[in-house]
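Trainee: Sharing a structure here in structure tokens format.
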Amino acid sequence: MAHLRWWHPIDRFSSVLGPPGISEASRRRPQGREPAVTRPNDHVIVLFGATGDLARRKLLPGLFNLARAGLLPNGYRIVGSAPGRFALTDHAFREHARAAVATFGSADPSGPKWQAFEEALSFGAADPDRPGPLLDAVRSAEEALGGRARKLFHLAVPPPAFPAVITLLGDTGLAQDSNVIIEKPFGVDLESARSLNELIHGVFDESRIFRIDHFLGKESVDNILALRLANSLFEPIWNRDHITHVQIDVPETIGLEGRAQFYEGTGAFRDMIVTHLIQVLGIVAMDPPASLDSHRLRDEKVKVFEALRPIRPDHVVRGQYEGYRQEPGVAPDSQTETFAALRLEVDNWRWAGVPFYLRSGKRLAEHRQTITLGLREPAMSMFGVGPGRHERRTDNRVVIDFADPGWIGVDFLAKEPGPTMNVGRARMEFRYGDSFCSSHGLQGYERLILEAMLGDQSLFTRADGIEHIWAAGAPLLATPPPLQPYAPGSWGPQPAVDRLVAPDHWYLPEEPKEPTPPE
């Protein structure tokens with residue numbers, strides 16, 4: 001395949017973009033306002049589950065990165081919390097944070113910036129019947145900031161603990177005038193999602209609830225909107241008249257990594273498809289909003305979720321990798337799927353008849369995150385395909401790789417050199433890492449925590465949206481198809497996975513690239 005590269009001169013002007021991680025698009029500013037970096041008001045950030053794996057790997061390193069970039073408020077305090085049996089002293093929590101940043105962060109925990117961050121950390125244990133230590137820690141943090149700081153609660157706890165934490169926040173009055181970030185998965189079916197929404201709405205208004213999906217914090221995911229709406233090359237063809245199918249493919253090479261207790265009650269459909277891939281589908285399939293403010297953006301995404309047809313069990317392949325039942329903590333007769341591939345349909349004017357293929361699973365051949373849009377072939381094709389090539393419906397497509405830092409490729413046909421009119425595949429490619437100053441980017445969690453402090457819900461899921469998704473999944477959850485085994489390191493159960501998308505083809509695995517001829 002021939003490769004062309006698009007060069008972008010933005011690197012030369014990176015100094016005008018402001019501090020790292022803030023772009024004009026991410027601030028959703030009304031037209032006419034001067035570009036400026038918006039900094040949150042003073043905040044007390046409370047991390048429930050502060051001693052857990054998510055806080056260690058993502059949240060504590062991410063908060064320090066925000067502090068280093070000058071994107072946390074001028075005044076802030078971070079209060080870690082956990083049940084009493086996991087209680088830490090302030091000193092022990094600071095040492096815990098130092099170890100987390102040293103292991104998983106992008107900068108060493110040292111120097112004046114680390115010292116300032118470390119001094120802002122404290123700990124307050126909390127049990128439903130003994131919230132006193134947490135109340136004292138929050139009150140002390142507020143007093144240190146002059147008593148007028150906003151509060152942000154991040155529930156980095158297992159889903160069964162959500163109700164107890166929400167109830168504690170309501171009963172103690174901590175929830176008043178505060179925002180709350182809730183981790184995934186949000187419910188396990190429609191009934192549980194509705195019950196959880198009802199419970200949370202009894203304590204927090206919907207405008208203060210931030211259901212988080214770190215996929216939606218990726219720059220490369222947000223760039224889907226820019227690709228479509230800022231370029232007249234793409235928006236006119238972003239519909240059923242020009243697109244034959246869409247793939248959203250997120251294979252993983254990792255296994256359980258000690259998370260058997262969580263995964264056994266969740267599985268690939270709940271863990272990845274509902275929480276991540278369908279959220280990305282909402283951005284790919286949404287109609288253009290009237291503006292980029294959070295209300296209009298989320299309205300259009302919810303319309304997509306409302307238009308999802310119920311998922312037919314015969315449109316789903318469920319798999320379990322060989323050896324899963326021997327993993328520590330897994331039941332010997334487990335029926336939990338570690339792989340899910342399915343066909344979804346969006347029943348609206350733009351996408352009627354266009355299948356959306358979603359695939360994700362553990363212990364697969366590659367770790368990738370891709371969106372592929374297959375473009376319709378010309379009505380008449382008078383061009384021959386060069387010798388040795390297979391005729392496939394993959395010669396015209398748009399590929400979006402949304403793994404950080406991400407890239408976009410457009411595959412098309414071009415004439416091959418020579419006396420005959422044979423065509424071969426070529427690609428135009430844009431790569432974030434080559435074209436922009438990547439140091440200005442934020443990781444997904446970092447960006448979303450910043451957005452929550454600013455009160456911008458654009459990249460978070462709304463209550464009715466998550467309920468529409470669970471409603472579409474109800475037939476599958478009621479009568480799931482049988483599990484099919486697959487070998488670790490493969491692409492899932494064959495031939496069922498390929499039959500699911502026929503006559504189309506999965507973009508992954510990519511075809512081997514042809515050698516570049518010598519000059």
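Here's how to read the names in the structure tokens: chain A, B, ... by the order shown, residue numbers from 1 in each chain, ligand numbers from 1 in the order shown.
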Taking only C-alpha atoms into account, produce a table as CSV in which each residue of segment 31-116 of chain A with an atom at most 10 Å from an atom of segment 163-186 of chain A appears once, together with its shortest atom pair and the distance in Å to one decimal, ordered by chain and rising number.

Mentor:
residue,atom,partner,partner_atom,distance
A:His43,CA,A:Ser178,CA,9.9
A:Val44,CA,A:Ser178,CA,9.8
A:Ile45,CA,A:Asn179,CA,9.7
A:Val46,CA,A:Val180,CA,9.5
A:Leu47,CA,A:Ile181,CA,9.7
A:Phe48,CA,A:Val165,CA,8.3

Trainee: Print the selection's residues with N, CA, C and O atoms to a file, as a PDB file, in the first residue's frame.

Mentor:
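Output file again.pdb is given in full below:
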ATOM      1  N   HIS A  43     -11.348  24.211  45.141  1.00  0.00           N
ATOM      2  CA  HIS A  43     -12.053  22.934  45.277  1.00  0.00           C
ATOM      3  C   HIS A  43     -11.469  22.079  46.396  1.00  0.00           C
ATOM      4  O   HIS A  43     -10.258  22.069  46.611  1.00  0.00           O
ATOM      5  N   VAL A  44     -12.350  21.356  47.056  1.00  0.00           N
ATOM      6  CA  VAL A  44     -11.974  20.210  47.880  1.00  0.00           C
ATOM      7  C   VAL A  44     -12.385  18.973  47.093  1.00  0.00           C
ATOM      8  O   VAL A  44     -13.568  18.774  46.794  1.00  0.00           O
ATOM      9  N   ILE A  45     -11.400  18.165  46.719  1.00  0.00           N
ATOM     10  CA  ILE A  45     -11.644  16.953  45.937  1.00  0.00           C
ATOM     11  C   ILE A  45     -11.548  15.763  46.881  1.00  0.00           C
ATOM     12  O   ILE A  45     -10.523  15.568  47.547  1.00  0.00           O
ATOM     13  N   VAL A  46     -12.608  14.980  46.963  1.00  0.00           N
ATOM     14  CA  VAL A  46     -12.645  13.824  47.862  1.00  0.00           C
ATOM     15  C   VAL A  46     -12.622  12.554  47.023  1.00  0.00           C
ATOM     16  O   VAL A  46     -13.509  12.337  46.189  1.00  0.00           O
ATOM     17  N   LEU A  47     -11.593  11.729  47.233  1.00  0.00           N
ATOM     18  CA  LEU A  47     -11.445  10.466  46.505  1.00  0.00           C
ATOM     19  C   LEU A  47     -11.896   9.309  47.382  1.00  0.00           C
ATOM     20  O   LEU A  47     -11.184   8.894  48.304  1.00  0.00           O
ATOM     21  N   PHE A  48     -13.106   8.796  47.141  1.00  0.00           N
ATOM     22  CA  PHE A  48     -13.513   7.553  47.780  1.00  0.00           C
ATOM     23  C   PHE A  48     -12.818   6.402  47.052  1.00  0.00           C
ATOM     24  O   PHE A  48     -12.779   6.354  45.835  1.00  0.00           O
TER      25      PHE A  48
END

Trainee: I'd like the contact shell of Gln494 of chain A - 12 Å cut-off, only C-alpha atoms, skipping same-chain residues fewer than 6 positions apart - returned as a VMD selection string.

Mentor: chain A and resid 317 to 319 341 484 to 487 500

Trainee: So how far away is atom CA of Phe305 of chain A from atom CA of Gln261 of chain A, in Å?

Mentor: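 The value is 29.6 Å.
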
Trainee: Please, which residues of segment 402-507 of chain A, numbered as in this document, come out strand (DSSP E or B) from DSSP, as a list in words?

Mentor: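 The residues of segment 402-507 of chain A classed as strand (DSSP E or B) are Trp407, Ile408, Gly409, Val410, Asp411, Phe412, Leu413, Ala414, Lys415, Asn422, Val423, Gly424, Arg425, Ala426, Arg427, Met428, Glu429, Phe430, Arg431, Thr461, Leu483, Gln484, Pro485, Tyr486 and Ser490 of chain A.
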
Trainee: Using only C-alpha atoms, which protein or nucleic acid residues come within 7 Å of Gln369 of chain A? Drop anything in the same chain fewer than 2 positions from it, and give the result as an NGL selection string.

Mentor: :A and (249-250 or 401-403)

Trainee: As a ChimeraX atom specification, please: the residues near Val284 of chain A (cut-off 10 Å, only C-alpha atoms, same-chain neighbours under 2 positions excluded).

Mentor: /A:221-222,224-225,228,238,246,248,278-282,286-287,301,304,371,373

Trainee: Store the residues picked out above in a file with N, CA and C atoms, as an mmCIF file, in the first residue's frame.

Mentor:
data_model
loop_
_atom_site.group_PDB
_atom_site.id
_atom_site.type_symbol
_atom_site.label_atom_id
_atom_site.label_comp_id
_atom_site.auth_asym_id
_atom_site.auth_seq_id
_atom_site.Cartn_x
_atom_site.Cartn_y
_atom_site.Cartn_z
ATOM 1 N N VAL A 221 -10.797 10.753 20.486
ATOM 2 C CA VAL A 221 -12.234 10.526 20.383
ATOM 3 C C VAL A 221 -12.945 11.849 20.119
ATOM 4 N N ASP A 222 -12.567 12.882 20.868
ATOM 5 C CA ASP A 222 -13.173 14.199 20.647
ATOM 6 C C ASP A 222 -12.895 14.701 19.234
ATOM 7 N N ILE A 224 -13.142 13.137 16.594
ATOM 8 C CA ILE A 224 -14.126 12.637 15.634
ATOM 9 C C ILE A 224 -15.089 13.746 15.244
ATOM 10 N N LEU A 225 -15.508 14.540 16.224
ATOM 11 C CA LEU A 225 -16.405 15.664 15.919
ATOM 12 C C LEU A 225 -15.726 16.681 15.016
ATOM 13 N N ARG A 228 -15.459 15.365 11.427
ATOM 14 C CA ARG A 228 -16.742 15.437 10.712
ATOM 15 C C ARG A 228 -17.186 16.862 10.432
ATOM 16 N N TRP A 238 -21.212 11.352 5.670
ATOM 17 C CA TRP A 238 -21.314 10.669 6.962
ATOM 18 C C TRP A 238 -22.750 10.167 7.158
ATOM 19 N N VAL A 246 -19.987 0.352 9.918
ATOM 20 C CA VAL A 246 -19.067 0.983 10.863
ATOM 21 C C VAL A 246 -18.581 -0.093 11.830
ATOM 22 N N ILE A 248 -16.359 -0.615 15.467
ATOM 23 C CA ILE A 248 -15.681 -0.061 16.642
ATOM 24 C C ILE A 248 -15.049 -1.258 17.335
ATOM 25 N N ILE A 278 -20.263 1.576 23.049
ATOM 26 C CA ILE A 278 -21.524 2.225 22.644
ATOM 27 C C ILE A 278 -21.449 3.723 22.895
ATOM 28 N N GLN A 279 -20.695 4.155 23.902
ATOM 29 C CA GLN A 279 -20.499 5.594 24.094
ATOM 30 C C GLN A 279 -19.760 6.202 22.906
ATOM 31 N N VAL A 280 -18.739 5.511 22.400
ATOM 32 C CA VAL A 280 -18.038 5.989 21.213
ATOM 33 C C VAL A 280 -18.977 5.970 20.003
ATOM 34 N N LEU A 281 -19.807 4.923 19.905
ATOM 35 C CA LEU A 281 -20.806 4.874 18.825
ATOM 36 C C LEU A 281 -21.686 6.121 18.842
ATOM 37 N N GLY A 282 -22.049 6.585 20.036
ATOM 38 C CA GLY A 282 -22.890 7.780 20.129
ATOM 39 C C GLY A 282 -22.243 8.991 19.487
ATOM 40 N N MET A 286 -23.958 10.472 16.017
ATOM 41 C CA MET A 286 -24.834 11.584 16.352
ATOM 42 C C MET A 286 -24.976 12.567 15.194
ATOM 43 N N ASP A 287 -26.126 13.225 15.141
ATOM 44 C CA ASP A 287 -26.319 14.319 14.198
ATOM 45 C C ASP A 287 -25.560 15.547 14.685
ATOM 46 N N LYS A 301 -26.415 12.852 21.351
ATOM 47 C CA LYS A 301 -25.960 11.493 21.683
ATOM 48 C C LYS A 301 -27.117 10.659 22.218
ATOM 49 N N VAL A 304 -29.267 9.140 19.589
ATOM 50 C CA VAL A 304 -28.694 7.923 19.012
ATOM 51 C C VAL A 304 -29.024 6.717 19.882
ATOM 52 N N ILE A 371 -11.804 2.727 14.943
ATOM 53 C CA ILE A 371 -13.112 2.915 14.317
ATOM 54 C C ILE A 371 -12.888 2.852 12.809
ATOM 55 N N LEU A 373 -14.883 3.088 9.032
ATOM 56 C CA LEU A 373 -16.079 3.376 8.260
ATOM 57 C C LEU A 373 -15.857 2.880 6.835
#

Trainee: For Ala268 of chain A, which residue out of A:Ala55, A:Ala226, A:Val316, A:Ala340 is the nearest one, using only C-alpha atoms?

Mentor: A:Ala340
